[in-house]
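Undergrad: Dropping in final33.txt, with compact mmCIF, C-alpha atoms and all ligand atoms.
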```
# COMPACT_ATOMS: atom_id res chain seq x y z
CA MET A 160 120.94 76.57 48.79
CA ARG A 161 119.65 79.89 50.10
CA PRO A 162 120.31 82.64 47.47
CA ASP A 163 122.63 85.43 48.54
CA PRO A 164 120.18 88.32 48.95
CA GLY A 165 122.87 90.83 48.22
CA VAL A 166 123.85 89.24 44.88
CA ALA A 167 120.23 88.80 43.80
CA SER A 168 119.44 92.39 44.50
CA GLU A 169 122.53 93.61 42.64
CA ASN A 170 121.58 91.55 39.54
CA SER A 171 118.00 92.71 39.51
CA MET A 172 119.09 96.30 39.68
CA THR A 173 121.52 96.08 36.73
CA ALA A 174 119.21 97.69 34.12
CA ALA A 175 117.88 100.40 36.34
CA ALA A 176 121.32 101.14 37.72
CA THR A 177 122.38 102.82 34.46
CA ALA A 178 120.17 105.75 35.26
CA ALA A 179 120.15 105.59 39.01
CA PRO A 180 122.81 106.95 41.32
CA VAL A 181 125.16 104.27 42.68
CA ARG A 182 124.06 103.16 46.08
CA ARG A 183 125.87 100.98 48.54
CA GLN A 184 124.22 97.53 48.82
CA ILE A 185 123.06 96.65 52.27
CA HIS A 186 123.53 92.95 52.96
CA PRO A 187 121.03 91.68 55.53
CA PRO A 188 122.51 89.55 58.29
CA PRO A 189 122.43 85.81 57.57
CA VAL A 190 119.33 84.05 58.87
CA ALA A 191 120.06 81.11 61.15
CA ALA A 192 118.65 77.82 59.85
CA SER A 193 116.92 77.17 63.16
CA PRO A 194 116.74 78.90 66.56
CA PHE A 195 118.81 76.03 67.92
CA PRO A 196 119.54 72.66 66.44
CA TYR A 197 118.32 69.82 68.60
CA ASN A 198 120.80 67.30 69.77
CA PRO A 199 120.05 64.17 67.72
CA GLY A 200 119.85 62.09 70.90
CA SER A 201 117.27 64.31 72.56
CA LEU A 202 113.66 63.30 72.95
CA LEU A 203 111.67 66.41 73.79
CA SER A 204 108.35 65.70 72.05
CA VAL A 205 106.78 62.71 70.32
CA GLN A 206 106.48 65.03 67.36
CA ASP A 207 110.26 64.84 66.96
CA LEU A 208 109.96 61.14 66.09
CA THR A 209 109.17 59.86 62.62
CA LEU A 210 107.21 56.63 62.49
CA ASP A 211 110.45 54.95 61.39
CA ALA A 212 112.12 56.28 64.55
CA VAL A 213 109.19 55.02 66.67
CA SER A 214 109.49 51.60 65.01
CA HIS A 215 113.22 51.52 65.67
CA LEU A 216 112.74 52.38 69.35
CA LEU A 217 110.02 49.72 69.76
CA ALA A 218 112.16 47.07 68.08
CA ARG A 219 115.23 48.06 70.04
CA ALA A 220 113.24 47.97 73.30
CA SER A 221 112.41 44.33 72.61
CA VAL A 222 116.00 43.45 71.73
CA LEU A 223 117.31 45.08 74.91
CA GLU A 224 114.60 43.56 77.06
CA ASN A 225 115.48 40.06 75.87
CA MET A 226 119.25 40.50 75.91
CA ASP A 227 121.48 38.67 78.38
CA PRO A 228 121.92 41.21 81.22
CA LEU A 229 125.65 40.49 81.33
CA VAL A 230 125.93 41.55 77.69
CA ARG A 231 123.44 44.39 77.99
CA ASP A 232 125.22 46.08 80.86
CA ARG A 233 128.28 46.70 78.70
CA ILE A 234 126.36 48.78 76.14
CA LEU A 235 126.65 52.05 78.07
CA LEU A 236 129.34 50.93 80.52
CA LYS A 237 130.34 53.83 82.80
CA ARG A 238 128.51 56.41 80.68
CA ARG A 239 127.06 59.15 82.87
CA VAL A 240 123.33 59.75 83.02
CA ALA A 241 121.81 62.48 85.21
CA LEU A 242 118.20 62.42 86.36
CA LEU A 243 117.01 65.92 87.18
CA PHE A 244 113.59 65.86 88.80
CA TYR A 245 111.72 69.01 89.85
CA GLU A 246 108.50 67.05 90.45
CA SER A 247 107.67 63.84 92.27
CA SER A 248 107.75 60.64 90.30
CA THR A 249 107.72 56.94 91.00
CA ARG A 250 107.36 55.18 87.64
CA THR A 251 109.26 57.49 85.30
CA ARG A 252 112.19 58.14 87.59
CA THR A 253 112.65 54.55 88.67
CA SER A 254 112.25 53.09 85.20
CA PHE A 255 114.66 55.59 83.63
CA GLU A 256 117.17 54.81 86.37
CA LEU A 257 116.75 51.03 86.01
CA ALA A 258 116.94 51.40 82.23
CA ALA A 259 120.21 53.35 82.35
CA LYS A 260 121.71 51.02 84.97
CA GLY A 261 120.56 47.99 82.98
CA LEU A 262 122.74 49.24 80.14
CA GLY A 263 125.72 49.69 82.47
CA ALA A 264 125.56 53.47 82.85
CA ASP A 265 126.32 55.35 86.05
CA THR A 266 123.33 57.39 87.18
CA THR A 267 122.89 60.27 89.55
CA LEU A 268 119.66 61.77 90.77
CA VAL A 269 119.22 65.47 91.47
CA SER A 270 115.88 66.36 93.01
CA ASN A 271 114.58 69.84 93.70
CA LEU A 272 113.99 68.76 97.30
CA SER A 273 117.54 67.74 98.14
CA SER A 274 119.83 69.86 96.02
CA SER A 275 120.97 73.45 95.56
CA ILE A 276 117.81 74.06 93.55
CA GLU A 277 116.25 74.60 96.99
CA LYS A 278 118.70 77.47 97.50
CA GLY A 279 117.63 79.15 94.29
CA GLU A 280 119.96 77.69 91.67
CA THR A 281 118.36 78.00 88.25
CA LEU A 282 117.65 75.25 85.76
CA LYS A 283 120.32 76.69 83.49
CA ASP A 284 123.00 76.66 86.19
CA THR A 285 121.97 73.25 87.44
CA GLY A 286 122.24 71.87 83.90
CA LEU A 287 125.64 73.45 83.32
CA THR A 288 126.83 72.08 86.65
CA LEU A 289 125.70 68.57 85.76
CA ARG A 290 127.50 68.86 82.44
CA ALA A 291 130.68 70.04 84.20
CA LEU A 292 130.38 67.00 86.46
CA GLY A 293 130.47 64.78 83.39
CA ALA A 294 126.80 64.10 82.67
CA GLU A 295 126.44 62.98 79.07
CA THR A 296 122.65 63.14 78.99
CA ILE A 297 120.05 64.65 81.30
CA ILE A 298 116.61 63.20 81.95
CA LEU A 299 114.41 66.09 83.05
CA ARG A 300 111.06 66.28 84.75
CA HIS A 301 109.95 69.84 85.33
CA ASN A 302 106.77 71.61 86.32
CA SER A 303 107.16 74.21 83.58
CA SER A 304 106.15 73.40 80.04
CA GLY A 305 109.10 73.88 77.70
CA ALA A 306 111.82 73.44 80.35
CA PRO A 307 113.51 70.57 78.44
CA TRP A 308 114.02 72.84 75.43
CA LEU A 309 115.72 75.45 77.62
CA LEU A 310 117.96 72.80 79.19
CA GLU A 311 118.88 71.42 75.77
CA GLU A 312 119.66 74.85 74.41
CA THR A 313 121.76 75.67 77.47
CA THR A 314 123.76 72.48 77.89
CA HIS A 315 123.81 71.13 74.31
CA LEU A 316 123.50 67.69 75.86
CA PRO A 317 120.92 65.17 74.77
CA VAL A 318 117.89 65.87 76.96
CA LEU A 319 115.11 63.36 77.58
CA ASN A 320 111.77 64.88 78.50
CA ALA A 321 110.40 62.94 81.48
CA GLY A 322 107.33 65.20 81.65
CA ASP A 323 107.20 68.97 81.36
CA GLY A 324 104.31 70.72 83.07
CA MET A 325 101.04 70.27 81.23
CA HIS A 326 102.84 69.81 77.93
CA GLU A 327 104.35 66.43 77.00
CA HIS A 328 105.49 63.07 78.31
CA PRO A 329 106.90 61.40 75.21
CA THR A 330 108.26 58.20 76.76
CA GLN A 331 104.87 57.59 78.40
CA ALA A 332 103.23 57.73 74.96
CA LEU A 333 105.82 55.27 73.63
CA LEU A 334 105.28 52.81 76.46
CA ASP A 335 101.51 53.19 76.09
CA LEU A 336 101.87 52.42 72.40
CA ARG A 337 103.98 49.35 73.17
CA THR A 338 101.29 48.15 75.58
CA ILE A 339 98.49 48.70 73.06
CA LEU A 340 100.40 46.93 70.29
CA ALA A 341 101.21 43.96 72.53
CA HIS A 342 97.48 43.36 73.02
CA LEU A 343 95.87 44.54 69.79
CA ARG A 344 98.65 43.95 67.26
CA PRO A 345 100.82 41.22 68.83
CA GLY A 346 104.19 40.83 67.16
CA ILE A 347 103.99 44.20 65.39
CA GLU A 348 106.78 46.66 66.12
CA THR A 349 107.16 48.34 62.77
CA VAL A 350 104.43 50.94 62.80
CA ALA A 351 102.86 52.77 59.88
CA GLU A 352 100.00 55.15 59.22
CA ASP A 353 97.42 52.34 59.33
CA THR A 354 98.78 50.18 62.16
CA LEU A 355 95.98 51.21 64.53
CA ALA A 356 93.28 51.72 61.90
CA GLY A 357 89.92 50.70 63.38
CA VAL A 358 91.10 51.22 66.96
CA THR A 359 89.32 53.78 69.14
CA VAL A 360 91.14 54.98 72.24
CA THR A 361 89.09 56.92 74.78
CA ILE A 362 91.05 59.18 77.11
CA THR A 363 88.95 60.16 80.12
CA GLY A 364 89.47 62.60 82.93
CA ASP A 365 91.60 65.68 83.51
CA ILE A 366 92.75 66.10 79.93
CA LEU A 367 93.43 69.83 80.25
CA HIS A 368 96.28 69.30 82.69
CA SER A 369 97.58 66.03 81.26
CA ARG A 370 100.88 65.80 79.42
CA VAL A 371 100.18 62.08 78.99
CA ALA A 372 96.97 62.86 77.10
CA ARG A 373 98.77 65.40 74.93
CA SER A 374 101.61 63.06 73.93
CA ASN A 375 99.16 60.26 73.17
CA MET A 376 96.98 62.65 71.15
CA LEU A 377 100.05 63.60 69.14
CA LEU A 378 101.15 60.02 68.53
CA LEU A 379 98.21 57.61 68.27
CA PRO A 380 96.31 59.32 65.40
CA ARG A 381 99.50 59.19 63.31
CA LEU A 382 99.13 55.40 63.40
CA GLY A 383 95.48 55.59 62.34
CA ALA A 384 93.86 55.39 65.78
CA ARG A 385 90.77 57.41 66.56
CA VAL A 386 91.04 59.26 69.87
CA LEU A 387 87.91 60.19 71.82
CA LEU A 388 88.39 62.70 74.61
CA CYS A 389 85.94 62.41 77.46
CA GLY A 390 85.40 64.56 80.52
CA PRO A 391 83.57 67.61 81.87
CA ALA A 392 84.16 71.04 80.30
CA GLN A 393 86.28 72.01 83.30
CA PHE A 394 88.84 69.37 82.29
CA LEU A 395 88.11 69.27 78.60
CA PRO A 396 87.37 72.65 77.01
CA GLU A 397 85.40 72.59 73.78
CA LEU A 398 88.39 74.00 71.88
CA ALA A 399 90.06 70.59 72.26
CA THR A 400 87.86 69.55 69.32
CA GLY A 401 90.45 71.17 67.08
CA ALA A 402 93.35 69.37 68.74
CA GLY A 403 94.18 67.47 65.57
CA PRO A 404 93.04 64.97 63.01
CA GLY A 405 91.47 61.82 64.40
CA ILE A 406 90.60 63.50 67.72
CA SER A 407 87.07 64.29 68.87
CA ILE A 408 85.12 64.94 72.06
CA GLU A 409 82.49 62.62 73.50
CA ARG A 410 81.12 63.87 76.82
CA ASP A 411 79.00 60.78 77.44
CA PHE A 412 81.43 58.28 78.98
CA ASP A 413 79.16 55.28 78.42
CA ALA A 414 78.79 56.15 74.74
CA ALA A 415 82.57 56.55 74.41
CA LEU A 416 83.15 53.19 76.10
CA ARG A 417 80.83 51.44 73.67
CA GLU A 418 83.09 52.50 70.80
CA SER A 419 86.42 51.81 72.49
CA GLN A 420 88.99 49.09 72.29
CA VAL A 421 91.18 51.01 74.73
CA VAL A 422 90.18 53.25 77.63
CA MET A 423 92.88 55.38 79.17
CA MET A 424 91.90 56.83 82.55
CA LEU A 425 93.54 59.95 83.98
CA ARG A 426 93.86 61.21 87.51
CA ILE A 427 92.50 64.61 88.53
CA GLN A 428 95.68 66.64 88.97
CA ALA A 429 94.83 68.45 92.20
CA GLU A 430 98.28 70.11 92.18
CA ARG A 431 97.43 71.97 88.95
CA LEU A 432 93.86 73.01 89.72
CA ALA A 433 94.84 76.44 91.10
CA GLY A 434 91.95 76.68 93.53
CA GLN A 435 89.23 75.29 91.23
CA GLN A 436 86.56 73.35 93.09
CA ILE A 437 85.36 69.99 91.81
CA ASP A 438 82.15 68.24 92.81
CA LEU A 439 83.74 64.83 93.19
CA GLU A 440 80.49 62.90 93.66
CA GLN A 441 79.11 64.37 90.44
CA TYR A 442 82.42 63.68 88.68
CA LYS A 443 82.44 60.06 89.79
CA ALA A 444 78.81 59.55 88.74
CA SER A 445 79.65 60.68 85.21
CA TYR A 446 83.25 59.59 84.67
CA GLN A 447 84.41 57.00 87.19
CA LEU A 448 85.28 53.68 85.52
CA THR A 449 83.38 51.11 87.57
CA GLY A 450 83.16 47.36 87.11
CA GLN A 451 79.51 47.67 86.13
CA ARG A 452 80.18 50.39 83.57
CA LEU A 453 83.02 48.40 82.05
CA ALA A 454 81.06 45.12 81.93
CA THR A 455 78.04 46.82 80.37
CA HIS A 456 79.72 49.03 77.77
CA ALA A 457 83.26 47.78 77.09
CA PRO A 458 83.65 44.20 78.32
CA SER A 459 86.78 43.56 76.27
CA ALA A 460 88.48 46.97 76.22
CA LEU A 461 91.97 47.40 77.63
CA VAL A 462 92.01 49.56 80.75
CA MET A 463 95.07 51.78 80.91
CA HIS A 464 96.26 54.44 83.33
CA PRO A 465 99.65 56.20 83.38
CA GLY A 466 99.59 56.32 87.19
CA PRO A 467 99.53 57.28 89.90
CA ILE A 468 96.02 55.87 90.21
CA ILE A 469 93.61 57.18 92.79
CA ARG A 470 91.50 54.16 93.69
CA GLY A 471 87.86 55.06 94.23
CA LEU A 472 88.09 58.29 92.24
CA GLU A 473 88.73 57.96 88.50
CA LEU A 474 88.41 54.16 88.68
CA THR A 475 87.40 51.61 91.27
CA ALA A 476 89.86 49.27 92.94
CA GLY A 477 88.08 46.34 91.28
CA VAL A 478 88.74 47.79 87.82
CA ALA A 479 92.35 48.68 88.65
CA ASP A 480 93.01 45.10 89.75
CA GLY A 481 90.65 43.47 87.25
CA SER A 482 91.36 41.26 84.27
CA GLN A 483 91.02 44.10 81.74
CA SER A 484 93.59 46.28 83.50
CA VAL A 485 97.04 46.52 81.89
CA ILE A 486 98.23 49.25 84.25
CA LEU A 487 101.17 47.32 85.63
CA GLU A 488 102.08 46.08 82.16
CA GLN A 489 102.44 49.73 81.17
CA VAL A 490 104.90 50.17 84.01
CA ARG A 491 106.89 47.14 82.86
CA HIS A 492 107.01 48.35 79.26
CA GLY A 493 108.42 51.63 80.57
CA VAL A 494 111.76 50.07 81.43
CA ALA A 495 112.29 48.52 77.99
CA VAL A 496 111.20 51.65 76.12
CA ARG A 497 113.43 53.85 78.26
CA MET A 498 116.43 51.58 77.70
CA ALA A 499 115.99 52.19 73.97
CA VAL A 500 115.58 55.93 74.50
CA VAL A 501 118.63 56.26 76.79
CA GLU A 502 120.74 54.19 74.40
CA ARG A 503 119.64 56.45 71.53
CA ALA A 504 120.58 59.52 73.58
CA LEU A 505 124.12 58.30 74.00
CA ALA A 506 124.53 56.57 70.67
CA ASP A 507 126.40 59.46 69.09
CA SER A 508 129.29 60.07 71.46
CA SER A 509 130.21 63.20 69.51
CA THR A 510 127.19 64.82 71.13
CA LYS A 511 129.05 64.96 74.43
CA ALA A 512 129.00 68.68 75.04
CA GLY A 513 130.44 68.94 71.54
CA ARG A 514 128.50 72.06 70.77
CA ALA A 515 129.29 73.75 74.04
N1 LIG B 1 103.25 58.00 84.59
C1 LIG B 1 104.05 58.79 85.34
O1 LIG B 1 104.61 59.77 84.86
O2 LIG B 1 104.15 58.39 86.64
P1 LIG B 1 105.16 59.06 87.69
O3 LIG B 1 104.66 60.45 87.96
O4 LIG B 1 105.11 58.18 88.91
O5 LIG B 1 106.51 59.10 87.06
```
Would you mind writing the file out in structure tokens?
TA:
Amino acid sequence: MRPDPGVASENSMTAAATAAPVRRQIHPPPVAASPFPYNPGSLLSVQDLTLDAVSHLLARASVLENMDPLVRDRILLKRRVALLFYESSTRTRTSFELAAKGLGADTTLVSNLSSSIEKGETLKDTGLTLRALGAETIILRHNSSGAPWLLEETTHLPVLNAGDGMHEHPTQALLDLRTILAHLRPGIETVAEDTLAGVTVTITGDILHSRVARSNMLLLPRLGARVLLCGPAQFLPELATGAGPGISIERDFDAALRESQVVMMLRIQAERLAGQQIDLEQYKASYQLTGQRLATHAPSALVMHPGPIIRGLELTAGVADGSQSVILEQVRHGVAVRMAVVERALADSSTKAGRA
């Protein structure tokens, strides 16, 4: 228990007080335990999850995936899930929606392109409006890093981060992990600090702007994986070397491939380049994943990509459609993982605007 600063200071002054004039004690204001307590159902960052929590979500994803749909769709029957998307999305939005509907929830989509956000309504007011309409959880994609924290703090609802700016994409990291485990550690869902020991994952491309890279960098090394970051300085500043334990830079893509069991390709995020010019031919010569490069340096590595893929840029069409590609498997795993995450968000019904 935190000591009462006023009492402590009175006791320590007892001896000296005999000679000193009596002074009124000033009690400092109580210090809040935390700026704001997270809703237990929220998933804002992969860092919020213990490895036990990751294991539980992976195991629950499998249970839900294999459950009779007629039983499964009673789990969140008529619960209200809002999808609030300020950025385009195909995979994340659709899979969250299918996940929530697969559990029986009612969903509603609010997009910045077809809502009062276009008229200037703020994130705070949009969130409060969704809560007033009965939303019990909000799935948020936003172009500003940190937006899910603001929404959580404002609405006190469980908030699921569906990608915030260049910051994090926690459910993508979970579905990527599920995909990696399915191939490299089949049957394993309970993860520990050594589950991916001996596995090297190379992440190549526009790492600077990638929330997918960041969430994977925060999760995979905790399971013992080594993460190699690969790309030109423009997309991978040297300071990324200090990104965390188990993470290093390898600028030579072929050398990185030779060490990798998994290669995760990233798209160049043209929408975040802010006028920077890229020499695409030079980029492709150094970093495009081609069939020849893969066959020569990593003939058995898994090829992953969070999507959307740009065929002919970061990877060739042949690699995207080839036998080493698990890109569409990643998409499929997204539904199961997001069912577990949405269920977790609504598991504690006392969270329903209870702190409002
Ligand atoms: N991986 C991913 O976030 O894809 P979308 O942008 O299509 O949701």
Undergrad: Return as a Markdown table the residues of chain A lying at most 8 Å from ligand LIG 1 (chain B), together with the closest atom-to-atom pair for each and the distance in Å to one decimal, counting all atoms listed in the file, with rows in chain order and ascending residue number.
TA:
```
| residue | atom | partner | partner_atom | distance |
| --- | --- | --- | --- | --- |
| A:Ser247 | CA | B:LIG1 | O3 | 6.3 |
| A:Ser248 | CA | B:LIG1 | O5 | 3.8 |
| A:Thr249 | CA | B:LIG1 | O4 | 3.6 |
| A:Arg250 | CA | B:LIG1 | O4 | 4.0 |
| A:Thr251 | CA | B:LIG1 | O5 | 3.6 |
| A:Arg252 | CA | B:LIG1 | O5 | 5.8 |
| A:Thr253 | CA | B:LIG1 | O5 | 7.8 |
| A:Ala321 | CA | B:LIG1 | O1 | 7.4 |
| A:Gly322 | CA | B:LIG1 | O1 | 6.9 |
| A:His328 | CA | B:LIG1 | O1 | 7.4 |
| A:Gln331 | CA | B:LIG1 | N1 | 6.4 |
| A:Val371 | CA | B:LIG1 | N1 | 7.6 |
| A:His464 | CA | B:LIG1 | N1 | 7.9 |
| A:Pro465 | CA | B:LIG1 | N1 | 4.2 |
| A:Gly466 | CA | B:LIG1 | N1 | 4.8 |
| A:Pro467 | CA | B:LIG1 | O4 | 5.7 |
```
Undergrad: Find the residues around range 227-238 of chain A up to 10 Å (all atoms listed in the file counted), leave out those fewer than 6 positions away in its own chain, and share them as a list in words.
TA: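 Contacts, with the query itself left out: Ala258, Ala259, Lys260, Gly261, Leu262, Gly263, Ala264, Asp265, Thr266, Gly293, Ala294, Glu295, Thr296, Val501, Glu502, Leu505, Ala506 and Ser508 of chain A.
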Undergrad: Using all atoms listed in the file, can you list as a PDB file with C-alpha atoms, in the frame of the given file the residues within 9 Å of (95.0, 51.7, 79.5)?
TA:
```
ATOM      1  CA  ASP A 335     101.510  53.190  76.090  1.00  0.00           C
ATOM      2  CA  THR A 338     101.290  48.150  75.580  1.00  0.00           C
ATOM      3  CA  ILE A 339      98.490  48.700  73.060  1.00  0.00           C
ATOM      4  CA  VAL A 360      91.140  54.980  72.240  1.00  0.00           C
ATOM      5  CA  ILE A 362      91.050  59.180  77.110  1.00  0.00           C
ATOM      6  CA  VAL A 421      91.180  51.010  74.730  1.00  0.00           C
ATOM      7  CA  VAL A 422      90.180  53.250  77.630  1.00  0.00           C
ATOM      8  CA  MET A 423      92.880  55.380  79.170  1.00  0.00           C
ATOM      9  CA  MET A 424      91.900  56.830  82.550  1.00  0.00           C
ATOM     10  CA  ALA A 460      88.480  46.970  76.220  1.00  0.00           C
ATOM     11  CA  LEU A 461      91.970  47.400  77.630  1.00  0.00           C
ATOM     12  CA  VAL A 462      92.010  49.560  80.750  1.00  0.00           C
ATOM     13  CA  MET A 463      95.070  51.780  80.910  1.00  0.00           C
ATOM     14  CA  HIS A 464      96.260  54.440  83.330  1.00  0.00           C
ATOM     15  CA  PRO A 465      99.650  56.200  83.380  1.00  0.00           C
ATOM     16  CA  GLN A 483      91.020  44.100  81.740  1.00  0.00           C
ATOM     17  CA  SER A 484      93.590  46.280  83.500  1.00  0.00           C
ATOM     18  CA  VAL A 485      97.040  46.520  81.890  1.00  0.00           C
ATOM     19  CA  ILE A 486      98.230  49.250  84.250  1.00  0.00           C
ATOM     20  CA  GLN A 489     102.440  49.730  81.170  1.00  0.00           C
TER      21      GLN A 489
END
```
Undergrad: Which residue gives the smallest distance to Thr455 in chain A among A:Leu208, A:Ala414, A:Ala476, A:Leu439, with only C-alpha atoms counted?
TA: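 Nearest to Thr455 in chain A: A:Ala414.
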Undergrad: Counting all atoms listed in the file, what is within 8 Å of Pro380 in chain A, bar same-chain residues fewer than 5 positions away, as a ChimeraX atom specification?
TA: /A:385-386,404-406
Undergrad: Can you tell me which residues surround Ser407 in chain A at a distance of at most 10 Å, considering only C-alpha atoms, apart from same-chain residues fewer than 5 positions away, and format the answer as a tab-separated table (two decimals) with C-alpha atoms, in the coordinates of the input?
TA:
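Below you can see selection-v7.tsv, which holds the result:
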```tsv
chain	number	residue	atom	x	y	z
A	361	THR	CA	89.09	56.92	74.78
A	385	ARG	CA	90.77	57.41	66.56
A	386	VAL	CA	91.04	59.26	69.87
A	387	LEU	CA	87.91	60.19	71.82
A	388	LEU	CA	88.39	62.70	74.61
A	389	CYS	CA	85.94	62.41	77.46
A	397	GLU	CA	85.40	72.59	73.78
A	399	ALA	CA	90.06	70.59	72.26
A	400	THR	CA	87.86	69.55	69.32
A	401	GLY	CA	90.45	71.17	67.08
A	402	ALA	CA	93.35	69.37	68.74
```
Undergrad: Please report the interatomic distance between CA of Asn320 in chain A and CA of Leu203 in chain A in Å with one decimal.
TA: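 According to the coordinates, CA of Asn320 in chain A and CA of Leu203 in chain A are separated by 5.0 Å.
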Undergrad: Tell me, in Å to one decimal, how far CA of Ala341 in chain A is from CA of Leu453 in chain A.
TA: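 CA of Leu453 in chain A lies 21.0 Å from CA of Ala341 in chain A.
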Undergrad: Pick out the closest residue to Glu348 in chain A from this set: A:Met376, A:Leu487, A:Ala479, A:Ala220. Count only C-alpha atoms.
TA: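 Under the stated criterion, the closest residue is A:Ala220.
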Undergrad: Just give me the gap between CA of Leu319 in chain A and CA of Arg370 in chain A in Å, one decimal is fine.
TA: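 Separating CA of Leu319 in chain A from CA of Arg370 in chain A is a distance of 14.6 Å.
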Undergrad: May I have the residues within 10 Å of Leu217 in chain A as an mmCIF file with C-alpha atoms, in the frame of the given file, using only C-alpha atoms and disregarding those fewer than 4 positions away in the same chain?
TA:
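Now in part14.cif:
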```
data_model
loop_
_atom_site.group_PDB
_atom_site.id
_atom_site.type_symbol
_atom_site.label_atom_id
_atom_site.label_comp_id
_atom_site.auth_asym_id
_atom_site.auth_seq_id
_atom_site.Cartn_x
_atom_site.Cartn_y
_atom_site.Cartn_z
ATOM 1 C CA ASP A 211 110.450 54.950 61.390
ATOM 2 C CA ALA A 212 112.120 56.280 64.550
ATOM 3 C CA VAL A 213 109.190 55.020 66.670
ATOM 4 C CA SER A 221 112.410 44.330 72.610
ATOM 5 C CA VAL A 222 116.000 43.450 71.730
ATOM 6 C CA LEU A 333 105.820 55.270 73.630
ATOM 7 C CA LEU A 334 105.280 52.810 76.460
ATOM 8 C CA LEU A 336 101.870 52.420 72.400
ATOM 9 C CA ARG A 337 103.980 49.350 73.170
ATOM 10 C CA ILE A 347 103.990 44.200 65.390
ATOM 11 C CA GLU A 348 106.780 46.660 66.120
ATOM 12 C CA THR A 349 107.160 48.340 62.770
ATOM 13 C CA VAL A 350 104.430 50.940 62.800
ATOM 14 C CA ALA A 495 112.290 48.520 77.990
ATOM 15 C CA VAL A 496 111.200 51.650 76.120
ATOM 16 C CA ALA A 499 115.990 52.190 73.970
ATOM 17 C CA VAL A 500 115.580 55.930 74.500
#
```
Undergrad: Could you list, as a ChimeraX atom specification, every residue within 12 Å of Ile427 in chain A, counting all atoms listed in the file and ignoring same-chain residues fewer than 2 positions away?
TA: /A:363-369,390-391,393-395,424-425,429-432,435-439,442-443,446-447,466-470,472-474
Undergrad: Pick from A:Glu409, A:Pro396, A:Leu310, A:Thr359: nearest to Asp284 in chain A, with all atoms listed in the file counted?
TA: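 For Asp284 in chain A, the nearest of the candidates is A:Leu310.
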Undergrad: At the level of N, CA and C atoms, write range 396-408 of chain A to a file as an mmCIF file, in the first residue's frame, please.
TA:
```cif
data_model
loop_
_atom_site.group_PDB
_atom_site.id
_atom_site.type_symbol
_atom_site.label_atom_id
_atom_site.label_comp_id
_atom_site.auth_asym_id
_atom_site.auth_seq_id
_atom_site.Cartn_x
_atom_site.Cartn_y
_atom_site.Cartn_z
ATOM 1 N N PRO A 396 15.809 3.190 -41.005
ATOM 2 C CA PRO A 396 16.907 3.992 -40.458
ATOM 3 C C PRO A 396 17.785 3.157 -39.539
ATOM 4 N N GLU A 397 19.040 3.521 -39.470
ATOM 5 C CA GLU A 397 20.005 2.755 -38.674
ATOM 6 C C GLU A 397 19.581 2.647 -37.214
ATOM 7 N N LEU A 398 18.829 3.636 -36.714
ATOM 8 C CA LEU A 398 18.447 3.607 -35.298
ATOM 9 C C LEU A 398 17.519 2.434 -34.979
ATOM 10 N N ALA A 399 16.970 1.784 -36.009
ATOM 11 C CA ALA A 399 16.133 0.604 -35.771
ATOM 12 C C ALA A 399 16.939 -0.531 -35.155
ATOM 13 N N THR A 400 18.269 -0.448 -35.215
ATOM 14 C CA THR A 400 19.121 -1.468 -34.600
ATOM 15 C C THR A 400 18.769 -1.626 -33.129
ATOM 16 N N GLY A 401 18.431 -0.508 -32.492
ATOM 17 C CA GLY A 401 18.110 -0.560 -31.068
ATOM 18 C C GLY A 401 16.638 -0.811 -30.799
ATOM 19 N N ALA A 402 15.937 -1.371 -31.761
ATOM 20 C CA ALA A 402 14.484 -1.548 -31.609
ATOM 21 C C ALA A 402 14.122 -2.521 -30.499
ATOM 22 N N GLY A 403 15.034 -3.415 -30.154
ATOM 23 C CA GLY A 403 14.717 -4.351 -29.068
ATOM 24 C C GLY A 403 15.574 -5.585 -29.150
ATOM 25 N N PRO A 404 15.509 -6.399 -28.118
ATOM 26 C CA PRO A 404 16.313 -7.619 -28.127
ATOM 27 C C PRO A 404 15.851 -8.559 -29.232
ATOM 28 N N GLY A 405 16.822 -9.230 -29.843
ATOM 29 C CA GLY A 405 16.487 -10.197 -30.891
ATOM 30 C C GLY A 405 16.251 -9.576 -32.247
ATOM 31 N N ILE A 406 16.460 -8.240 -32.360
ATOM 32 C CA ILE A 406 16.178 -7.556 -33.632
ATOM 33 C C ILE A 406 17.481 -6.964 -34.169
ATOM 34 N N SER A 407 17.791 -7.236 -35.428
ATOM 35 C CA SER A 407 18.967 -6.606 -36.029
ATOM 36 C C SER A 407 18.693 -6.264 -37.488
ATOM 37 N N ILE A 408 19.620 -5.481 -38.052
ATOM 38 C CA ILE A 408 19.470 -5.033 -39.440
ATOM 39 C C ILE A 408 20.399 -5.839 -40.335
#
```
